[in-house]
Amino acid sequence: MFSDRLTKARNAMDENNIDALLLSVGADLPYFTGYEAMPLERLTMLVVPKESQAKLIVPALEAPRVVEHSEIFTLHAWTESQDPIDLVADQLGAARSVAIGDTTWTRFTIELLNQIPDLDLHRANNITSPIRSIKSLEELERLKTAASAVDRIAARLQNGEIDLIGQTESQVSKELGRQIIEEGHHRVNFAIVAAGANAASPHHEPGSRVIQENEVVLCDFGGTWVGEDGVGYCSDITRCVWTGSPPEEFLHLYNVLQRAQSEQVKAAMPGTPAEEIDRVGRNIINEEGFGPYFIHRTGHGIGVEAHEDPYIVEGNAAPVASGNVFSIEPGIYIPGEWGARLEDIVAVTDQGPEALNTIEHDLAVLS
């Protein structure tokens, strides 16, 4: 798997006239090697020349964590008395057109430019993102496993097995996080819990507010499920619950939202521009007078990162392709009153869109 991925990367490097690829902390490194570097002040860097074997440069104290793949890379563990930038420069040799990882620490990039002033730097994302955005069948199965896990948690939320009334947002968030781990994820990426007027803030930070009767509770949560090869795949789901008897105004808002999300899922066909998927739902929301309250893009790609390409947003005219997997999560947020969001992870296939989250989409009412 890693060998095939690096072959694709080298083909892309050739097409883009890139002599070498540099990958440091971030999702690209485990995707291509199975090793996830800690975000330390000590440099970790995979140097991928266009033709010769890659070298993984790591701090010596981190080397025991690396599962070596001799057919993919050779390992160079540097000691505290060495300058790792020198090692990277040595590996680059005469290479000058270099693509560097988007999440590389700026200090290392600056130090490398000081060492090699005529370096022509490019974004590695232009090489790696097109590869990562097309999921293999094995990757799709991993994403389904992660999605099924959070579906089970969402089902408990909807049927009242997770206490809401009388709990603080923070307490419910911690419970969601506990269950994410219990369901097999290796880490919690986020667990947003927003009650009442707080639900009008899409990325609300759960706090000490106590959840009351007769209000909306928006829950958006997900984590990372790591396989035996060291590569993790993410989950992400949003569902809303009403504690009590919802008023007609909110039921109407939620109905509009549910209809928009459903039509956007249907639109996720191969060849459809990403921005068109956004427009399908946004038009429905606009027609019902809620347009100003849909304040974010429709969705984001998901895989080894919770947010990655492709982004489902106005301005992205690139057509989605079979193998793309992304969220479809329109929202309507009325400041000072309430908000709602409905999110599924959806895979684009040759047979049509496949929602990986299948748990109930209707508003859960816990009276």
# chains A, B, ... in the order shown; residues from 1 in each chain; ligands from 1
$ select_by_dssp --residues "region 114-287 of chain A" --states "strand (DSSP E or B)" --output "number ranges by chain"
A: 120-123, 168, 187-195, 210, 216-226, 232-234, 237-243, 273
$ closest_atom_pairs --of "region 276-349 of chain A" --to "region 120-142 of chain A" --cutoff "8 Å" --atoms "only C-alpha atoms" --output "JSON lines"
{"residue": "A:Gly301", "atom": "CA", "partner": "A:Ser133", "partner_atom": "CA", "distance": 7.4}
{"residue": "A:Gly303", "atom": "CA", "partner": "A:Arg132", "partner_atom": "CA", "distance": 7.8}
{"residue": "A:Glu308", "atom": "CA", "partner": "A:Ser133", "partner_atom": "CA", "distance": 7.8}
{"residue": "A:Asp309", "atom": "CA", "partner": "A:Ser133", "partner_atom": "CA", "distance": 6.0}
{"residue": "A:Pro310", "atom": "CA", "partner": "A:Ser133", "partner_atom": "CA", "distance": 6.8}
{"residue": "A:Ala321", "atom": "CA", "partner": "A:Ile134", "partner_atom": "CA", "distance": 7.7}
{"residue": "A:Ser322", "atom": "CA", "partner": "A:Ile134", "partner_atom": "CA", "distance": 7.3}
{"residue": "A:Gly323", "atom": "CA", "partner": "A:Ile134", "partner_atom": "CA", "distance": 4.5}
{"residue": "A:Asn324", "atom": "CA", "partner": "A:Ile134", "partner_atom": "CA", "distance": 5.1}
{"residue": "A:Val325", "atom": "CA", "partner": "A:Lys135", "partner_atom": "CA", "distance": 7.3}
{"residue": "A:Ala347", "atom": "CA", "partner": "A:Leu140", "partner_atom": "CA", "distance": 8.0}
$ write_last_selection --atoms "C-alpha atoms" --output "short mmCIF file (atom, residue, chain, number, x, y, z; two decimals), in the first residue's frame"
data_model
loop_
_atom_site.label_atom_id
_atom_site.label_comp_id
_atom_site.auth_asym_id
_atom_site.auth_seq_id
_atom_site.Cartn_x
_atom_site.Cartn_y
_atom_site.Cartn_z
CA GLY A 301 -13.35 15.98 2.52
CA GLY A 303 -9.95 10.64 5.42
CA GLU A 308 -9.19 17.70 3.74
CA ASP A 309 -9.90 18.02 0.00
CA PRO A 310 -12.34 18.23 -1.66
CA ALA A 321 -15.03 11.96 -8.58
CA SER A 322 -15.67 8.37 -7.65
CA GLY A 323 -13.60 7.74 -4.54
CA ASN A 324 -14.12 11.19 -3.05
CA VAL A 325 -15.54 11.11 0.48
CA ALA A 347 -18.87 8.65 -0.62
#
$ closest_atom_pairs --of "region 284-310 of chain A" --to "region 13-30 of chain A" --cutoff "12 Å" --atoms "only C-alpha atoms" --output "Markdown table"
| residue | atom | partner | partner_atom | distance |
| --- | --- | --- | --- | --- |
| A:Ile302 | CA | A:Ala27 | CA | 11.5 |
| A:Gly303 | CA | A:Ala27 | CA | 9.4 |
| A:Val304 | CA | A:Ala27 | CA | 6.2 |
| A:Glu305 | CA | A:Ala27 | CA | 6.3 |
| A:Ala306 | CA | A:Ala27 | CA | 9.9 |
| A:His307 | CA | A:Ala27 | CA | 10.6 |
| A:Glu308 | CA | A:Ala27 | CA | 9.7 |
$ write_last_selection --atoms "N, CA and C atoms" --output "PDB file, in the first residue's frame"
ATOM      1  N   ILE A 302     -12.885  14.092   3.932  1.00  0.00           N
ATOM      2  CA  ILE A 302     -12.494  13.425   5.176  1.00  0.00           C
ATOM      3  C   ILE A 302     -11.731  12.157   4.821  1.00  0.00           C
ATOM      4  N   GLY A 303     -10.772  11.835   5.644  1.00  0.00           N
ATOM      5  CA  GLY A 303      -9.948  10.641   5.415  1.00  0.00           C
ATOM      6  C   GLY A 303      -8.987  10.515   6.570  1.00  0.00           C
ATOM      7  N   VAL A 304      -7.677  10.659   6.300  1.00  0.00           N
ATOM      8  CA  VAL A 304      -6.707  10.635   7.382  1.00  0.00           C
ATOM      9  C   VAL A 304      -6.751  11.932   8.176  1.00  0.00           C
ATOM     10  N   GLU A 305      -7.368  12.952   7.610  1.00  0.00           N
ATOM     11  CA  GLU A 305      -7.652  14.187   8.329  1.00  0.00           C
ATOM     12  C   GLU A 305      -9.156  14.382   8.412  1.00  0.00           C
ATOM     13  N   ALA A 306      -9.587  15.052   9.479  1.00  0.00           N
ATOM     14  CA  ALA A 306     -11.015  15.338   9.615  1.00  0.00           C
ATOM     15  C   ALA A 306     -11.483  16.328   8.568  1.00  0.00           C
ATOM     16  N   HIS A 307     -10.593  17.242   8.152  1.00  0.00           N
ATOM     17  CA  HIS A 307     -10.888  18.198   7.093  1.00  0.00           C
ATOM     18  C   HIS A 307      -9.781  18.118   6.049  1.00  0.00           C
ATOM     19  N   GLU A 308     -10.134  17.759   4.836  1.00  0.00           N
ATOM     20  CA  GLU A 308      -9.185  17.697   3.739  1.00  0.00           C
ATOM     21  C   GLU A 308      -9.941  17.892   2.429  1.00  0.00           C
TER      22      GLU A 308
END
$ atom_distance --atom1 "CA of Ser81 (chain A)" --atom2 "CA of Leu61 (chain A)"
12.7 Å
$ select_by_dssp --residues "region 151-302 of chain A" --states "helix (DSSP H, G or I)" --output "MDAnalysis selection string"
chainID A and resid 151:158 169:182 196:200 248:267 274:287 291:293
$ residues_around --residues "Asn255 (chain A)" --least-positions-apart "3" --cutoff "12 Å" --atoms "only C-alpha atoms" --output "mmCIF file with C-alpha atoms, in the first residue's frame"
data_model
loop_
_atom_site.group_PDB
_atom_site.id
_atom_site.type_symbol
_atom_site.label_atom_id
_atom_site.label_comp_id
_atom_site.auth_asym_id
_atom_site.auth_seq_id
_atom_site.Cartn_x
_atom_site.Cartn_y
_atom_site.Cartn_z
ATOM 1 C CA GLU A 248 -43.678 24.910 14.868
ATOM 2 C CA GLU A 249 -41.082 27.532 13.936
ATOM 3 C CA PHE A 250 -38.226 25.173 14.757
ATOM 4 C CA LEU A 251 -39.914 22.187 13.119
ATOM 5 C CA HIS A 252 -40.214 24.245 9.929
ATOM 6 C CA GLN A 258 -33.419 18.132 6.258
ATOM 7 C CA ARG A 259 -34.768 18.630 2.741
ATOM 8 C CA ALA A 260 -31.693 20.622 1.714
ATOM 9 C CA GLN A 261 -29.300 18.018 3.095
ATOM 10 C CA SER A 262 -31.160 15.167 1.399
ATOM 11 C CA ILE A 284 -33.591 25.474 -0.915
ATOM 12 C CA ILE A 285 -32.546 27.287 2.253
ATOM 13 C CA GLU A 288 -37.388 29.537 2.563
ATOM 14 C CA PHE A 290 -33.038 31.262 5.803
ATOM 15 C CA GLY A 331 -26.819 24.436 8.868
ATOM 16 C CA ILE A 332 -29.221 27.208 9.799
ATOM 17 C CA ALA A 340 -29.479 23.271 13.643
ATOM 18 C CA ARG A 341 -27.089 21.263 11.488
ATOM 19 C CA LEU A 342 -27.471 17.833 9.872
ATOM 20 C CA HIS A 361 -32.243 12.023 10.109
ATOM 21 C CA ASP A 362 -35.523 13.226 11.580
ATOM 22 C CA LEU A 363 -35.352 15.555 14.548
#
$ residues_around --residues "Glu343 (chain A)" --least-positions-apart "2" --cutoff "6 Å" --atoms "only C-alpha atoms" --output "VMD selection string"
chain A and resid 237 to 238 328 to 329
$ atom_distance --atom1 "CA of Glu314 (chain A)" --atom2 "CA of Phe294 (chain A)"
12.7 Å
$ closest_residue --among "A:Leu92, A:Ile153, A:Ala268, A:Ala147" --to "Gly281 (chain A)" --atoms "only C-alpha atoms"
A:Ala268
$ residues_around --residues "Val265 (chain A)" --least-positions-apart "6" --cutoff "10 Å" --atoms "only C-alpha atoms" --output "number ranges by chain"
A: 277, 280-281, 327-329, 344-348, 352-355
$ closest_atom_pairs --of "region 73-159 of chain A" --to "region 184-201 of chain A" --cutoff "10 Å" --atoms "only C-alpha atoms" --output "Markdown table"
| residue | atom | partner | partner_atom | distance |
| --- | --- | --- | --- | --- |
| A:Thr145 | CA | A:Gly184 | CA | 9.3 |
| A:Ala146 | CA | A:His185 | CA | 7.3 |
| A:Ala149 | CA | A:Gly184 | CA | 7.4 |
| A:Val150 | CA | A:His185 | CA | 9.3 |
$ residues_around --residues "Leu119 (chain A)" --least-positions-apart "5" --cutoff "10 Å" --atoms "only C-alpha atoms" --output "PyMOL selection string"
chain A and resi 94-98+112-114
$ closest_residue --among "A:Val47, A:Glu263, A:Ala99, A:Met38" --to "Ala12 (chain A)" --atoms "only C-alpha atoms"
A:Ala99
$ closest_residue --among "A:Ser148, A:Asn286, A:Thr33, A:Asn159" --to "Asp4 (chain A)" --atoms "only C-alpha atoms"
A:Thr33
$ atom_distance --atom1 "CA of Ala77 (chain A)" --atom2 "CA of Asp118 (chain A)"
27.0 Å
